[in-house]
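File shown: start21.csv (CSV, C-alpha atoms).
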```
chain,number,residue,atom,x,y,z
A,1,ASN,CA,171.3,155.0,183.1
A,2,ALA,CA,172.1,154.9,186.9
A,3,LEU,CA,175.6,154.5,188.0
A,4,ARG,CA,176.4,150.9,188.9
A,5,ALA,CA,177.8,150.1,192.3
A,6,PRO,CA,180.9,147.9,192.6
A,7,ALA,CA,180.4,144.2,192.7
A,8,SER,CA,181.2,144.0,196.4
A,9,SER,CA,178.7,146.7,197.3
A,10,PRO,CA,175.8,145.7,199.6
A,11,PHE,CA,173.5,147.5,197.1
A,12,GLN,CA,174.0,144.6,194.8
A,13,SER,CA,172.4,142.0,197.1
A,14,ASN,CA,169.1,143.6,197.8
A,15,GLY,CA,167.0,145.2,195.0
A,16,GLY,CA,164.7,146.9,197.4
A,17,ARG,CA,167.5,148.4,199.5
A,18,ARG,CA,169.3,149.5,196.4
A,19,SER,CA,166.2,151.3,195.2
A,20,SER,CA,165.6,153.0,198.6
A,21,ILE,CA,169.2,154.1,198.9
A,22,ARG,CA,169.2,155.6,195.4
A,23,SER,CA,166.0,157.5,196.2
A,24,LEU,CA,167.9,159.2,199.1
A,25,PHE,CA,170.6,160.3,196.7
A,26,PRO,CA,168.9,161.5,193.5
A,27,PHE,CA,172.1,163.2,192.4
A,28,ASN,CA,173.5,159.8,191.5
A,29,ASN,CA,170.9,159.6,188.7
A,30,ALA,CA,171.6,163.1,187.6
A,31,ALA,CA,175.4,162.4,187.6
A,32,ALA,CA,174.8,159.4,185.4
A,33,THR,CA,172.7,161.4,183.0
A,34,ILE,CA,175.3,164.1,182.7
A,35,ALA,CA,178.0,161.4,182.2
A,36,GLY,CA,176.0,159.8,179.5
A,37,GLN,CA,175.5,163.1,177.7
A,38,LYS,CA,179.2,163.9,177.8
A,39,GLU,CA,180.0,160.4,176.5
A,40,GLN,CA,177.5,160.9,173.6
A,41,THR,CA,178.9,164.4,172.8
A,42,SER,CA,182.4,162.9,172.7
A,43,THR,CA,181.3,160.1,170.4
A,44,LYS,CA,179.5,162.5,168.1
A,45,SER,CA,182.5,164.8,168.1
A,46,SER,CA,184.7,161.9,167.2
A,47,PHE,CA,182.4,160.9,164.4
A,48,LEU,CA,182.3,164.4,163.0
A,49,LYS,CA,186.1,164.7,163.3
A,50,SER,CA,186.5,161.5,161.3
A,51,LEU,CA,184.8,163.0,158.3
A,52,ASP,CA,186.5,164.6,155.4
A,53,PRO,CA,186.7,168.4,156.1
A,54,THR,CA,185.5,169.1,152.6
A,55,VAL,CA,181.9,169.9,153.3
A,56,GLY,CA,179.4,168.3,150.9
A,57,LEU,CA,181.3,165.2,149.9
A,58,ILE,CA,180.1,161.8,150.9
A,59,ASN,CA,182.8,160.1,153.0
A,60,ASN,CA,184.2,156.7,152.1
A,61,ALA,CA,183.0,153.8,154.2
A,62,SER,CA,185.4,152.8,157.0
A,63,GLN,CA,185.1,150.5,160.0
A,64,LYS,CA,186.0,153.4,162.3
A,65,ARG,CA,183.2,155.7,161.0
A,66,THR,CA,180.7,152.9,161.0
A,67,GLN,CA,181.5,152.0,164.6
A,68,LEU,CA,181.3,155.6,165.8
A,69,LEU,CA,178.0,156.0,164.0
A,70,ASN,CA,176.7,152.9,165.7
A,71,ASP,CA,177.9,154.2,169.1
A,72,ILE,CA,175.8,157.4,168.5
A,73,LEU,CA,172.7,155.3,167.7
A,74,GLU,CA,173.2,153.2,170.8
A,75,SER,CA,173.6,156.2,173.0
A,76,GLY,CA,169.8,156.9,172.7
A,77,THR,CA,170.4,160.6,173.3
A,78,GLY,CA,168.8,162.0,170.1
A,79,LEU,CA,165.3,163.5,169.9
A,80,PRO,CA,162.6,161.1,171.1
A,81,ASN,CA,160.3,159.6,168.5
A,82,PRO,CA,162.5,160.8,165.6
A,83,GLY,CA,160.0,159.8,162.9
A,84,SER,CA,157.1,161.9,164.4
A,85,ALA,CA,156.2,165.3,162.9
A,86,GLN,CA,156.4,166.7,166.4
A,87,SER,CA,160.1,165.9,166.7
A,88,PHE,CA,161.4,166.5,163.2
A,89,SER,CA,159.3,169.7,162.6
A,90,THR,CA,161.6,171.6,165.0
A,91,VAL,CA,164.8,170.7,163.3
A,92,ALA,CA,164.1,169.5,159.7
A,93,PRO,CA,163.8,172.8,157.8
A,94,GLY,CA,167.1,173.7,156.3
A,95,VAL,CA,169.8,172.4,154.0
A,96,TRP,CA,171.2,168.9,154.8
A,97,ARG,CA,174.0,167.1,153.0
A,98,VAL,CA,174.7,163.4,153.1
A,99,VAL,CA,178.1,162.8,154.8
A,100,TYR,CA,178.1,159.1,155.2
A,101,ALA,CA,176.4,156.5,153.0
A,102,PRO,CA,178.5,153.4,152.4
A,103,HIS,CA,176.3,152.1,149.6
A,104,MET,CA,176.6,155.3,147.6
A,105,THR,CA,180.4,155.5,147.9
A,106,THR,CA,180.8,151.8,147.1
A,107,MET,CA,178.6,152.0,144.0
A,108,ALA,CA,180.3,155.2,142.8
A,109,GLY,CA,183.7,153.7,143.5
A,110,LEU,CA,183.0,150.7,141.3
A,111,ALA,CA,182.7,153.1,138.3
A,112,ARG,CA,185.4,155.5,139.6
A,113,GLY,CA,182.9,158.2,140.2
A,114,LYS,CA,181.7,160.5,143.0
A,115,PHE,CA,178.4,161.6,144.4
A,116,SER,CA,177.3,164.6,146.5
A,117,VAL,CA,173.8,164.7,147.8
A,118,GLN,CA,171.9,167.7,149.2
A,119,TYR,CA,168.4,167.9,150.7
A,120,GLU,CA,166.4,171.1,151.0
A,121,LEU,CA,163.6,170.7,153.5
A,122,ASN,CA,161.1,173.4,153.9
A,123,GLU,CA,158.7,174.3,156.7
A,124,ASP,CA,155.7,173.6,154.5
A,125,GLY,CA,156.7,169.9,154.2
A,126,THR,CA,158.1,170.1,150.7
A,127,ILE,CA,161.6,168.7,149.8
A,128,ILE,CA,164.0,169.1,147.0
A,129,SER,CA,167.0,166.8,146.6
A,130,HIS,CA,169.9,167.5,144.3
A,131,ALA,CA,172.5,164.8,143.6
A,132,LYS,CA,175.7,165.8,141.8
A,133,TYR,CA,177.3,163.0,140.0
A,134,ASP,CA,180.7,162.8,138.3
A,135,PHE,CA,181.8,159.7,136.3
A,136,PRO,CA,184.9,160.7,134.3
A,137,LEU,CA,185.2,157.2,133.0
A,138,PHE,CA,181.9,157.6,131.1
A,139,ASN,CA,182.2,161.4,130.6
A,140,LEU,CA,179.1,161.9,132.7
A,141,GLN,CA,178.8,164.9,135.0
A,142,GLY,CA,175.6,166.7,136.2
A,143,TYR,CA,172.8,166.9,138.6
A,144,LEU,CA,169.9,164.5,139.2
A,145,SER,CA,167.1,166.3,141.1
A,146,VAL,CA,163.8,165.2,142.6
A,147,SER,CA,161.1,167.0,144.6
A,148,GLY,CA,158.0,166.2,146.6
A,149,THR,CA,156.8,166.2,150.2
A,150,TYR,CA,158.0,164.7,153.5
A,151,GLY,CA,156.0,163.6,156.5
A,152,SER,CA,155.5,161.0,159.3
A,153,VAL,CA,154.4,157.4,159.2
A,154,ASP,CA,154.7,156.8,162.9
A,155,ASP,CA,157.0,157.7,165.8
A,156,ASN,CA,160.0,156.0,164.2
A,157,VAL,CA,159.4,156.1,160.5
A,158,CYS,CA,159.1,159.0,158.1
A,159,ARG,CA,158.2,159.0,154.4
A,160,VAL,CA,159.2,161.1,151.4
A,161,ASP,CA,156.9,161.2,148.4
A,162,PHE,CA,158.7,162.4,145.4
A,163,ASP,CA,156.6,163.3,142.4
A,164,GLU,CA,159.0,165.2,140.0
A,165,ALA,CA,162.4,164.4,138.6
A,166,TRP,CA,164.8,166.3,136.3
A,167,MET,CA,168.4,166.4,135.3
A,168,LYS,CA,171.0,169.0,134.3
A,169,PRO,CA,174.1,167.6,132.5
A,170,ILE,CA,177.3,169.6,133.0
A,171,LYS,CA,180.8,169.3,131.7
A,172,PRO,CA,183.1,170.8,134.3
A,173,ALA,CA,185.1,168.3,136.4
A,174,PHE,CA,184.0,167.5,139.9
A,175,ASP,CA,184.9,170.3,142.3
A,176,ASP,CA,185.7,169.5,145.9
A,177,ASN,CA,185.2,173.0,147.1
A,178,VAL,CA,181.8,173.2,148.8
A,179,ASP,CA,181.4,176.9,147.9
A,180,GLU,CA,181.5,175.9,144.2
A,181,LEU,CA,180.1,172.4,144.6
A,182,PHE,CA,176.6,173.6,143.7
A,183,GLU,CA,177.7,177.0,142.2
A,184,GLU,CA,176.8,176.0,138.7
A,185,GLY,CA,173.6,175.1,140.3
A,186,PRO,CA,171.1,172.4,139.3
A,187,TYR,CA,167.8,173.6,138.0
A,188,PRO,CA,166.0,174.6,141.2
A,189,ASN,CA,162.7,173.1,140.3
A,190,ILE,CA,160.9,171.3,137.5
A,191,ASP,CA,159.4,174.5,136.1
A,192,SER,CA,162.9,176.0,135.5
A,193,VAL,CA,163.9,173.1,133.2
A,194,PRO,CA,163.6,174.0,129.5
A,195,ASP,CA,160.9,172.0,127.7
A,196,SER,CA,162.3,169.1,125.7
A,197,ILE,CA,161.7,165.5,124.9
A,198,THR,CA,164.5,164.6,127.4
A,199,LYS,CA,162.7,166.5,130.1
A,200,THR,CA,159.5,164.6,129.4
A,201,ILE,CA,161.2,161.2,129.4
A,202,ILE,CA,163.1,161.8,132.6
A,203,ARG,CA,160.0,163.2,134.3
A,204,ASN,CA,157.9,160.1,133.3
A,205,VAL,CA,160.7,157.6,134.2
A,206,GLY,CA,161.2,159.3,137.6
A,207,ARG,CA,157.5,159.2,138.4
A,208,ALA,CA,157.4,155.5,137.5
A,209,ALA,CA,160.3,154.8,139.8
A,210,PHE,CA,158.8,156.5,142.8
A,211,ILE,CA,157.5,153.2,144.4
A,212,GLU,CA,156.6,152.5,148.0
A,213,PRO,CA,160.0,150.9,149.0
A,214,PHE,CA,161.7,154.2,148.0
A,215,ALA,CA,159.3,156.3,150.1
A,216,VAL,CA,159.5,154.9,153.7
A,217,PHE,CA,162.6,155.5,155.9
A,218,PRO,CA,162.9,154.3,159.5
A,219,VAL,CA,164.8,157.0,161.4
A,220,SER,CA,167.5,155.7,163.8
A,221,TYR,CA,168.7,159.0,165.1
A,222,LEU,CA,167.8,162.7,164.9
A,223,ASP,CA,169.0,165.9,166.6
A,224,GLU,CA,169.5,169.5,165.5
A,225,GLU,CA,172.6,168.6,163.4
A,226,LEU,CA,172.5,164.9,162.4
A,227,ILE,CA,169.9,162.5,161.0
A,228,VAL,CA,170.5,158.8,160.5
A,229,PHE,CA,167.9,156.9,158.5
A,230,ASP,CA,167.7,153.4,157.0
A,231,PHE,CA,167.4,152.8,153.3
A,232,GLU,CA,165.8,149.4,153.7
A,233,LEU,CA,165.6,148.6,150.0
A,234,LEU,CA,169.4,148.4,149.9
A,235,GLY,CA,169.9,147.4,153.5
A,236,THR,CA,172.0,150.4,154.4
A,237,ARG,CA,172.0,153.5,156.5
A,238,ILE,CA,172.5,157.1,155.5
A,239,CYS,CA,173.8,159.9,157.7
A,240,ALA,CA,173.1,163.6,156.7
A,241,ARG,CA,174.3,166.7,158.5
A,242,ARG,CA,172.5,170.1,158.5
A,243,TYR,CA,174.6,173.0,157.3
A,244,LYS,CA,171.9,175.7,156.9
A,245,SER,CA,168.8,176.3,158.9
```
Represent the structure contained in this file as structure tokens.
Amino acid sequence: NALRAPASSPFQSNGGRRSSIRSLFPFNNAAATIAGQKEQTSTKSSFLKSLDPTVGLINNASQKRTQLLNDILESGTGLPNPGSAQSFSTVAPGVWRVVYAPHMTTMAGLARGKFSVQYELNEDGTIISHAKYDFPLFNLQGYLSVSGTYGSVDDNVCRVDFDEAWMKPIKPAFDDNVDELFEEGPYPNIDSVPDSITKTIIRNVGRAAFIEPFAVFPVSYLDEELIVFDFELLGTRICARRYKS
């Protein structure tokens, strides 16, 4: 991203001369790099500031948020090869929460409900996802959880292979306070779920639903705080933010 010379500059008329002049002044390239990094930082900060300060909630879709997210992707300043194990292994472990997923908020809004999604990624390549749902219209509140493993397909695509699913219905109304959002707590794993016919049914239905289109996710952006990946089955993007390492 070298700095462009003005249209009237003689550097515009001769490619060879432009290249040789730049080689004499390498600080031009360094300055351009620094400027690009500052611009990306500003764009990322603007995106984060546009989010609801209530940590854990998925923000409603808006043109401004979508544009700022696109600007972050176009900056190209995230980790290289974001789908590779070499890149994501350094930042993946921790607790991530979905902060922007237009398809989730749109679908939930149609039923006057809300979602909150949390991913727990471990260094050994295992993953647990808890989705808290609240649909007062249907008197449905609780947690839907899945677990499995995550890994790399290629430099730009990762995959998540879920092999267990369980639920924990709850009655309290949806709480916007992040400290209490998961306080009741979903069942932490399949083994902690009491044996019942319901557990068996949900487990079997979940396993049947874990098909290939649900497993592969192209990664558009990744750094130590944000990840943006594509959910191709629904033609949408999901942005998650890391809150605990």
Next on the checklist: Using only C-alpha atoms for the distances, tell me which of A:Cys158, A:Arg112, A:Ala165, A:Ile238 is nearest to A:Asn139.
Outcome noted: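 Of A:Cys158, A:Arg112, A:Ala165, A:Ile238, the one nearest A:Asn139 is A:Arg112, counting only C-alpha atoms.
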One residue among A:Thr126, A:Ser62, A:Ser196, A:Ser245 is nearest to A:His103 when using only C-alpha atoms, and that residue is A:Ser62
Neighbourhood query: residues within 7 Å of (178.0, 167.1, 149.9), file coordinates, counting only C-alpha atoms; return as a PDB file with C-alpha atoms, in the frame of the given file.
```pdb
ATOM      1  CA  VAL A  55     181.900 169.900 153.300  1.00  0.00           C
ATOM      2  CA  GLY A  56     179.400 168.300 150.900  1.00  0.00           C
ATOM      3  CA  LEU A  57     181.300 165.200 149.900  1.00  0.00           C
ATOM      4  CA  ILE A  58     180.100 161.800 150.900  1.00  0.00           C
ATOM      5  CA  ARG A  97     174.000 167.100 153.000  1.00  0.00           C
ATOM      6  CA  VAL A  98     174.700 163.400 153.100  1.00  0.00           C
ATOM      7  CA  VAL A  99     178.100 162.800 154.800  1.00  0.00           C
ATOM      8  CA  SER A 116     177.300 164.600 146.500  1.00  0.00           C
ATOM      9  CA  VAL A 117     173.800 164.700 147.800  1.00  0.00           C
ATOM     10  CA  GLN A 118     171.900 167.700 149.200  1.00  0.00           C
TER      11      GLN A 118
END
```
**Message:** As an exercise, work out the distance from atom CA of A:Leu51 to atom CA of A:Leu144 in Å and give it to one decimal place.
**Reply:**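 Computed distance, atom CA of A:Leu51 to atom CA of A:Leu144, equals 24.3 Å.
Compared by their closest atoms to A:Asp134, and using only C-alpha atoms, the residues A:Met104, A:Val157, A:Cys239, A:Ile170 rank with A:Ile170 nearest.
For the set A:Arg237, A:Ser152, A:Arg242, A:Ala215, the residue with the smallest atom-to-atom gap to A:Ala85 is A:Ser152, counting all atoms listed in the file.
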The distance between atom CA of A:Asn189 and atom CA of A:Lys114 is 23.0 Å
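The residue set within 7 Å of A:Tyr133, counting all atoms listed in the file and dropping same-chain residues fewer than 2 places from it, reads Lys114, Phe115, Ser116, Ala131, Phe135, Gln141, Gly142 and Tyr143 of chain A.
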Review point. Suppose you want the space between atom CA of A:Tyr150 and atom CA of A:Leu73; what is it in Å?
Key: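 Those two atoms sit 22.5 Å apart.
Checking A:Ile127, A:Leu48, A:Val91, A:Leu137 one by one against A:Leu110, counting only C-alpha atoms, you find the shortest gap at A:Leu137.
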**Report entry** For A:Val228, the nearest of the candidates A:Thr200, A:Ser147, A:Asn70, A:Ser45, counting only C-alpha atoms
**Finding:**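 Among A:Thr200, A:Ser147, A:Asn70, A:Ser45, it is A:Asn70 that comes nearest to A:Val228.
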Do a neighbour search on A:Ile128 at 10 Å with all atoms listed in the file, toss out local chain neighbours closer than 6 positions, and write the hits as a JSON list (two decimals) with C-alpha atoms, in the frame of the given file.
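What ended up in selection-v4.json:
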```
[["chain", "number", "residue", "atom", "x", "y", "z"],
["A", 95, "VAL", "CA", 169.80, 172.40, 154.00],
["A", 118, "GLN", "CA", 171.90, 167.70, 149.20],
["A", 119, "TYR", "CA", 168.40, 167.90, 150.70],
["A", 120, "GLU", "CA", 166.40, 171.10, 151.00],
["A", 121, "LEU", "CA", 163.60, 170.70, 153.50],
["A", 122, "ASN", "CA", 161.10, 173.40, 153.90],
["A", 145, "SER", "CA", 167.10, 166.30, 141.10],
["A", 146, "VAL", "CA", 163.80, 165.20, 142.60],
["A", 147, "SER", "CA", 161.10, 167.00, 144.60],
["A", 148, "GLY", "CA", 158.00, 166.20, 146.60],
["A", 149, "THR", "CA", 156.80, 166.20, 150.20],
["A", 150, "TYR", "CA", 158.00, 164.70, 153.50],
["A", 162, "PHE", "CA", 158.70, 162.40, 145.40],
["A", 164, "GLU", "CA", 159.00, 165.20, 140.00],
["A", 165, "ALA", "CA", 162.40, 164.40, 138.60],
["A", 188, "PRO", "CA", 166.00, 174.60, 141.20],
["A", 189, "ASN", "CA", 162.70, 173.10, 140.30]]
```
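Residues with any atom within 6 Å of the point (158.1, 161.1, 137.6), counting all atoms listed in the file, are Asp163, Glu164, Ala165, Arg203, Asn204, Val205, Gly206, Arg207 and Ala208 of chain A.
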Based on the selection just made, write C-alpha atoms of those residues as a PDB file, in the coordinates of the input.
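Final output, saved to out_14.pdb:
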```
ATOM      1  CA  ASP A 163     156.600 163.300 142.400  1.00  0.00           C
ATOM      2  CA  GLU A 164     159.000 165.200 140.000  1.00  0.00           C
ATOM      3  CA  ALA A 165     162.400 164.400 138.600  1.00  0.00           C
ATOM      4  CA  ARG A 203     160.000 163.200 134.300  1.00  0.00           C
ATOM      5  CA  ASN A 204     157.900 160.100 133.300  1.00  0.00           C
ATOM      6  CA  VAL A 205     160.700 157.600 134.200  1.00  0.00           C
ATOM      7  CA  GLY A 206     161.200 159.300 137.600  1.00  0.00           C
ATOM      8  CA  ARG A 207     157.500 159.200 138.400  1.00  0.00           C
ATOM      9  CA  ALA A 208     157.400 155.500 137.500  1.00  0.00           C
TER      10      ALA A 208
END
```
